[in-house]
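Below you'll find the structure, written out as structure tokens, and then a few comments.
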Amino acid sequence: MPAHALPSIPLADLPGRIGEVLGTSPWLLIDQARIDAFACTTEDLQWIHTDPARAAGGPFGRTIAHGFLTLSLLSWMGENAFEIPHLRMSLNYGLNKVRFPAPLPADSRVRGVFRLLACEPIDGGWQVTVEATIEREGAAKPVCVAESVSRRYP
């Protein structure tokens, strides 16, 4: 359960909120330990992610998080940005578009901003599409922008 109060948006209200920001997650630290754990789990051990000494001489001056690590945080960020109460079930249905406009250096903090793009009825529920923008604290460009599609069942 999040430590902060979440905006609570009834499912029936979503069609009238197209284009609006539904919520913003708290900041989350992406440290080297998290990057290393993701690298081990996915077997993506490229030096730009896992070798701080070598990465210090690389293009970003230090290690950077995997793009897929950044993307994988969307679930946590969404759960900590807003809630749609009284759902029987919510499913990740996929992604329409994903971009990584800027690198995410180790020891940075990120947060997700969620803007509603679409809300369409489906059999037994609603398909909800949000634009998720993952911002890095102090940076001008986001580290990830993705259209995330979920199915919500009351």
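All residue names refer to the structure tokens as shown: chains lettered A, B, ... in order, residues numbered from 1 in each chain, ligands numbered from 1 in order.
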Would you mind listing, for every residue of range 29-124 of chain A within 10 Å of range 5-24 of chain A, the two atoms forming the shortest contact and the distance between them in Å to one decimal, using only C-alpha atoms, sorted by chain and ascending residue number, as a Markdown table?
| residue | atom | partner | partner_atom | distance |
| --- | --- | --- | --- | --- |
| A:Met77 | CA | A:Thr24 | CA | 7.8 |
| A:Gly78 | CA | A:Thr24 | CA | 8.0 |
| A:Glu79 | CA | A:Leu6 | CA | 8.9 |
| A:Asn80 | CA | A:Leu6 | CA | 7.0 |
| A:Ala81 | CA | A:Thr24 | CA | 4.5 |
| A:Phe82 | CA | A:Pro7 | CA | 4.9 |
| A:Glu83 | CA | A:Ser8 | CA | 4.9 |
| A:Ile84 | CA | A:Ile9 | CA | 5.1 |
| A:Pro85 | CA | A:Pro10 | CA | 6.1 |
| A:His86 | CA | A:Pro10 | CA | 8.0 |
| A:Leu87 | CA | A:Leu11 | CA | 8.4 |
| A:Arg111 | CA | A:Thr24 | CA | 7.0 |
| A:Gly112 | CA | A:Thr24 | CA | 5.6 |
| A:Val113 | CA | A:Thr24 | CA | 4.4 |
| A:Phe114 | CA | A:Val21 | CA | 5.6 |
| A:Arg115 | CA | A:Val21 | CA | 4.0 |
| A:Leu116 | CA | A:Ile18 | CA | 5.2 |
| A:Leu117 | CA | A:Ile18 | CA | 5.5 |
| A:Ala118 | CA | A:Ile18 | CA | 6.1 |
| A:Cys119 | CA | A:Pro15 | CA | 5.6 |
| A:Glu120 | CA | A:Pro15 | CA | 7.7 |
| A:Pro121 | CA | A:Pro15 | CA | 9.5 |
Same residues, C-alpha atoms, output as a short mmCIF file (atom, residue, chain, number, x, y, z; two decimals), in the first residue's frame:
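Saved file part04.cif follows:
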data_model
loop_
_atom_site.label_atom_id
_atom_site.label_comp_id
_atom_site.auth_asym_id
_atom_site.auth_seq_id
_atom_site.Cartn_x
_atom_site.Cartn_y
_atom_site.Cartn_z
CA MET A 77 4.74 3.51 -10.68
CA GLY A 78 1.17 3.14 -11.92
CA GLU A 79 0.07 1.45 -8.70
CA ASN A 80 1.61 4.31 -6.75
CA ALA A 81 0.31 7.16 -8.96
CA PHE A 82 -3.48 6.62 -9.04
CA GLU A 83 -6.11 4.05 -8.25
CA ILE A 84 -9.29 2.90 -9.90
CA PRO A 85 -11.34 1.55 -6.98
CA HIS A 86 -13.71 -1.41 -6.90
CA LEU A 87 -12.11 -3.45 -9.64
CA ARG A 111 8.97 8.96 -11.23
CA GLY A 112 6.07 8.17 -13.55
CA VAL A 113 3.47 10.61 -14.82
CA PHE A 114 0.33 8.97 -16.24
CA ARG A 115 -1.94 10.73 -18.76
CA LEU A 116 -5.12 9.07 -20.02
CA LEU A 117 -5.16 8.61 -23.80
CA ALA A 118 -8.18 6.35 -24.31
CA CYS A 119 -10.86 4.41 -22.47
CA GLU A 120 -12.90 2.02 -24.58
CA PRO A 121 -15.53 -0.54 -23.56
#
(message) For Phe68 in chain A, find every residue with an atom within 10 Å (counting only C-alpha atoms), except residues of its own chain fewer than 2 positions away, and show them as a list in words.
(response) Phe38, Thr42, Ala65, His66, Thr70, Leu71, Ser72, Leu73, Phe100 and Cys144 of chain A
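Each of A:Arg34, A:Ala102, A:Asp107, A:Leu91 was compared to Gln127 in chain A using only C-alpha atoms, and A:Leu91 turns out to be the nearest.
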(request) Run DSSP on the backbone and give me the residues of chain A it puts in strand (DSSP E or B), as JSON, numbers by chain. (result) {"A": [8, 21, 22, 23, 24, 28, 29, 30, 64, 83, 89, 90, 91, 92, 93, 94, 95, 96, 97, 98, 99, 105, 108, 109, 110, 111, 112, 113, 114, 115, 116, 117, 118, 119, 120, 121, 122, 125, 126, 127, 128, 129, 130, 131, 132, 133, 134, 135, 136, 144, 145, 146, 147, 148, 149, 150, 151, 152, 153]}
(request) Kindly indicate which residue among A:Ile48, A:Pro59, A:Ser25, A:Met89 lies nearest to Thr133 in chain A, using only C-alpha atoms for the distances. (result) A:Ser25
(message) Which residues are close to Arg136 in chain A, i.e. within 8 Å by only C-alpha atoms, leaving aside same-chain residues fewer than 3 positions away? Reply as number ranges by chain.
(response) A: 104, 108-111, 139, 141-143
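Rounded to one decimal, CA of Thr129 in chain A and CA of Ser148 in chain A lie 5.6 Å from each other.
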(request) Could you pull out the residues in chain A that DSSP calls alpha helix (DSSP H) from the backbone, as a ChimeraX atom specification? (result) /A:32-42,47-50,52-56,67-72,74-79
Hey, what's within 7 Å of Val98 in chain A if we count only C-alpha atoms and toss same-chain stuff fewer than 6 positions away? As a PDB file with N, CA, C and O atoms, in the first residue's frame, please?
ATOM      1  N   VAL A 145       9.137   7.000 -22.452  1.00  0.00           N
ATOM      2  CA  VAL A 145       7.750   7.375 -22.739  1.00  0.00           C
ATOM      3  C   VAL A 145       7.109   6.158 -23.385  1.00  0.00           C
ATOM      4  O   VAL A 145       7.636   5.634 -24.374  1.00  0.00           O
ATOM      5  N   ALA A 146       6.005   5.692 -22.800  1.00  0.00           N
ATOM      6  CA  ALA A 146       5.363   4.475 -23.293  1.00  0.00           C
ATOM      7  C   ALA A 146       3.850   4.620 -23.263  1.00  0.00           C
ATOM      8  O   ALA A 146       3.305   5.246 -22.352  1.00  0.00           O
ATOM      9  N   GLU A 147       3.194   4.046 -24.254  1.00  0.00           N
ATOM     10  CA  GLU A 147       1.742   3.919 -24.231  1.00  0.00           C
ATOM     11  C   GLU A 147       1.426   2.551 -23.658  1.00  0.00           C
ATOM     12  O   GLU A 147       1.698   1.528 -24.283  1.00  0.00           O
TER      13      GLU A 147
END
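With only C-alpha atoms as the atoms that count, the minimum distance from Cys40 in chain A to the choices A:Val130, A:Leu69, A:Ile64, A:Ala53 is reached by A:Leu69.
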(request) Find the residues near Thr50 in chain A: any atom within 10 Å, counting only C-alpha atoms, skip ones fewer than 4 places away on the same chain, and give them as an MDAnalysis selection string. (result) chainID A and resid 32:33 35:40 44:46 54:55 62:66 106
Output file for the residues above (all heavy atoms, as a tab-separated table (two decimals), in the first residue's frame):
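The resulting again_34.tsv:
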chain	number	residue	atom	x	y	z
A	32	GLN	N	22.98	1.26	-8.28
A	32	GLN	CA	23.74	0.22	-8.96
A	32	GLN	C	23.29	-1.17	-8.54
A	32	GLN	O	23.26	-2.10	-9.36
A	32	GLN	CB	25.24	0.39	-8.75
A	32	GLN	CG	26.09	-0.50	-9.62
A	32	GLN	CD	25.90	-0.21	-11.12
A	32	GLN	OE1	25.95	0.93	-11.54
A	32	GLN	NE2	25.66	-1.26	-11.91
A	33	ALA	N	22.90	-1.34	-7.28
A	33	ALA	CA	22.44	-2.66	-6.82
A	33	ALA	C	21.19	-3.10	-7.58
A	33	ALA	O	21.07	-4.27	-7.97
A	33	ALA	CB	22.17	-2.61	-5.31
A	35	ILE	N	20.33	-2.08	-10.62
A	35	ILE	CA	20.77	-2.33	-12.00
A	35	ILE	C	21.45	-3.70	-12.10
A	35	ILE	O	21.16	-4.48	-13.02
A	35	ILE	CB	21.69	-1.20	-12.49
A	35	ILE	CG1	20.90	0.12	-12.60
A	35	ILE	CG2	22.35	-1.55	-13.82
A	35	ILE	CD1	21.76	1.36	-12.81
A	36	ASP	N	22.32	-4.01	-11.14
A	36	ASP	CA	23.01	-5.30	-11.14
A	36	ASP	C	22.03	-6.46	-10.99
A	36	ASP	O	22.17	-7.50	-11.66
A	36	ASP	CB	24.07	-5.35	-10.04
A	36	ASP	CG	25.25	-4.44	-10.30
A	36	ASP	OD1	25.43	-3.99	-11.46
A	36	ASP	OD2	25.99	-4.16	-9.34
A	37	ALA	N	21.05	-6.31	-10.12
A	37	ALA	CA	20.06	-7.37	-9.92
A	37	ALA	C	19.27	-7.61	-11.20
A	37	ALA	O	19.02	-8.76	-11.59
A	37	ALA	CB	19.11	-7.01	-8.76
A	38	PHE	N	18.90	-6.54	-11.89
A	38	PHE	CA	18.17	-6.68	-13.16
A	38	PHE	C	19.06	-7.35	-14.20
A	38	PHE	O	18.62	-8.23	-14.94
A	38	PHE	CB	17.70	-5.31	-13.66
A	38	PHE	CG	16.82	-5.38	-14.87
A	38	PHE	CD1	15.46	-5.57	-14.74
A	38	PHE	CD2	17.35	-5.25	-16.14
A	38	PHE	CE1	14.63	-5.65	-15.86
A	38	PHE	CE2	16.54	-5.33	-17.27
A	38	PHE	CZ	15.18	-5.52	-17.12
A	39	ALA	N	20.32	-6.96	-14.25
A	39	ALA	CA	21.26	-7.56	-15.20
A	39	ALA	C	21.39	-9.06	-14.97
A	39	ALA	O	21.37	-9.85	-15.92
A	39	ALA	CB	22.63	-6.88	-15.08
A	40	CYS	N	21.48	-9.47	-13.73
A	40	CYS	CA	21.59	-10.91	-13.42
A	40	CYS	C	20.31	-11.64	-13.78
A	40	CYS	O	20.36	-12.74	-14.32
A	40	CYS	CB	21.92	-11.10	-11.94
A	40	CYS	SG	23.62	-10.66	-11.54
A	44	ASP	N	21.53	-9.78	-19.08
A	44	ASP	CA	22.05	-8.65	-19.88
A	44	ASP	C	23.14	-7.99	-19.06
A	44	ASP	O	22.89	-7.06	-18.30
A	44	ASP	CB	20.93	-7.67	-20.22
A	44	ASP	CG	21.40	-6.53	-21.12
A	44	ASP	OD1	22.63	-6.38	-21.32
A	44	ASP	OD2	20.55	-5.77	-21.60
A	45	LEU	N	24.36	-8.48	-19.22
A	45	LEU	CA	25.48	-8.05	-18.39
A	45	LEU	C	26.41	-7.08	-19.11
A	45	LEU	O	27.58	-6.96	-18.76
A	45	LEU	CB	26.25	-9.29	-17.92
A	45	LEU	CG	25.41	-10.32	-17.15
A	45	LEU	CD1	26.20	-11.59	-16.92
A	45	LEU	CD2	24.91	-9.73	-15.85
A	46	GLN	N	25.90	-6.37	-20.09
A	46	GLN	CA	26.72	-5.42	-20.84
A	46	GLN	C	27.41	-4.45	-19.88
A	46	GLN	O	26.80	-3.94	-18.94
A	46	GLN	CB	25.86	-4.67	-21.86
A	46	GLN	CG	26.67	-3.77	-22.75
A	46	GLN	CD	25.82	-2.97	-23.70
A	46	GLN	OE1	24.70	-2.60	-23.40
A	46	GLN	NE2	26.37	-2.69	-24.87
A	54	ARG	N	34.69	0.71	-15.99
A	54	ARG	CA	34.74	0.84	-17.46
A	54	ARG	C	33.75	1.90	-17.93
A	54	ARG	O	34.07	2.70	-18.83
A	54	ARG	CB	34.45	-0.50	-18.12
A	54	ARG	CG	34.60	-0.46	-19.62
A	54	ARG	CD	34.50	-1.84	-20.22
A	54	ARG	NE	34.56	-1.76	-21.67
A	54	ARG	CZ	34.27	-2.75	-22.49
A	54	ARG	NH1	33.93	-3.94	-22.00
A	54	ARG	NH2	34.34	-2.59	-23.78
A	55	ALA	N	32.56	1.92	-17.33
A	55	ALA	CA	31.53	2.88	-17.75
A	55	ALA	C	31.95	4.32	-17.45
A	55	ALA	O	31.52	5.26	-18.14
A	55	ALA	CB	30.20	2.57	-17.07
A	62	ARG	N	29.30	7.11	-16.41
A	62	ARG	CA	28.96	6.14	-15.36
A	62	ARG	C	28.00	5.11	-15.94
A	62	ARG	O	27.58	5.24	-17.08
A	62	ARG	CB	28.38	6.82	-14.13
A	62	ARG	CG	27.13	7.64	-14.40
A	62	ARG	CD	26.68	8.33	-13.12
A	62	ARG	NE	25.81	9.45	-13.44
A	62	ARG	CZ	25.01	10.02	-12.58
A	62	ARG	NH1	24.97	9.59	-11.34
A	62	ARG	NH2	24.26	11.03	-12.94
A	63	THR	N	27.68	4.13	-15.13
A	63	THR	CA	26.74	3.11	-15.62
A	63	THR	C	25.35	3.72	-15.80
A	63	THR	O	25.01	4.73	-15.18
A	63	THR	CB	26.65	1.92	-14.64
A	63	THR	OG1	26.25	2.39	-13.37
A	63	THR	CG2	27.96	1.16	-14.57
A	64	ILE	N	24.59	3.08	-16.69
A	64	ILE	CA	23.20	3.49	-16.91
A	64	ILE	C	22.31	2.26	-16.75
A	64	ILE	O	22.73	1.13	-16.96
A	64	ILE	CB	22.98	4.13	-18.30
A	64	ILE	CG1	23.34	3.15	-19.42
A	64	ILE	CG2	23.77	5.43	-18.43
A	64	ILE	CD1	22.93	3.61	-20.82
A	65	ALA	N	21.06	2.52	-16.39
A	65	ALA	CA	20.07	1.44	-16.25
A	65	ALA	C	19.68	0.93	-17.63
A	65	ALA	O	19.69	1.66	-18.61
A	65	ALA	CB	18.84	1.96	-15.52
A	66	HIS	N	19.31	-0.33	-17.67
A	66	HIS	CA	18.76	-0.92	-18.88
A	66	HIS	C	17.44	-0.23	-19.20
A	66	HIS	O	16.66	0.08	-18.30
A	66	HIS	CB	18.44	-2.40	-18.66
A	66	HIS	CG	19.56	-3.23	-18.14
A	66	HIS	ND1	20.04	-3.12	-16.85
A	66	HIS	CD2	20.26	-4.22	-18.72
A	66	HIS	CE1	21.01	-4.00	-16.68
A	66	HIS	NE2	21.16	-4.68	-17.80
A	106	ALA	N	23.02	5.54	-13.21
A	106	ALA	CA	22.92	4.95	-11.88
A	106	ALA	C	22.86	6.07	-10.84
A	106	ALA	O	23.44	7.14	-11.01
A	106	ALA	CB	24.11	4.05	-11.61
(message) My list of candidates is A:Tyr153, A:Trp76, A:Trp126, A:Trp27. Which is closest to Ser90 in chain A when distances are computed with only C-alpha atoms?
(response) A:Tyr153
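Closest approach to Arg151 in chain A among A:Leu74, A:Ile122, A:Ile134, A:Leu95: A:Ile122, based on only C-alpha atoms.
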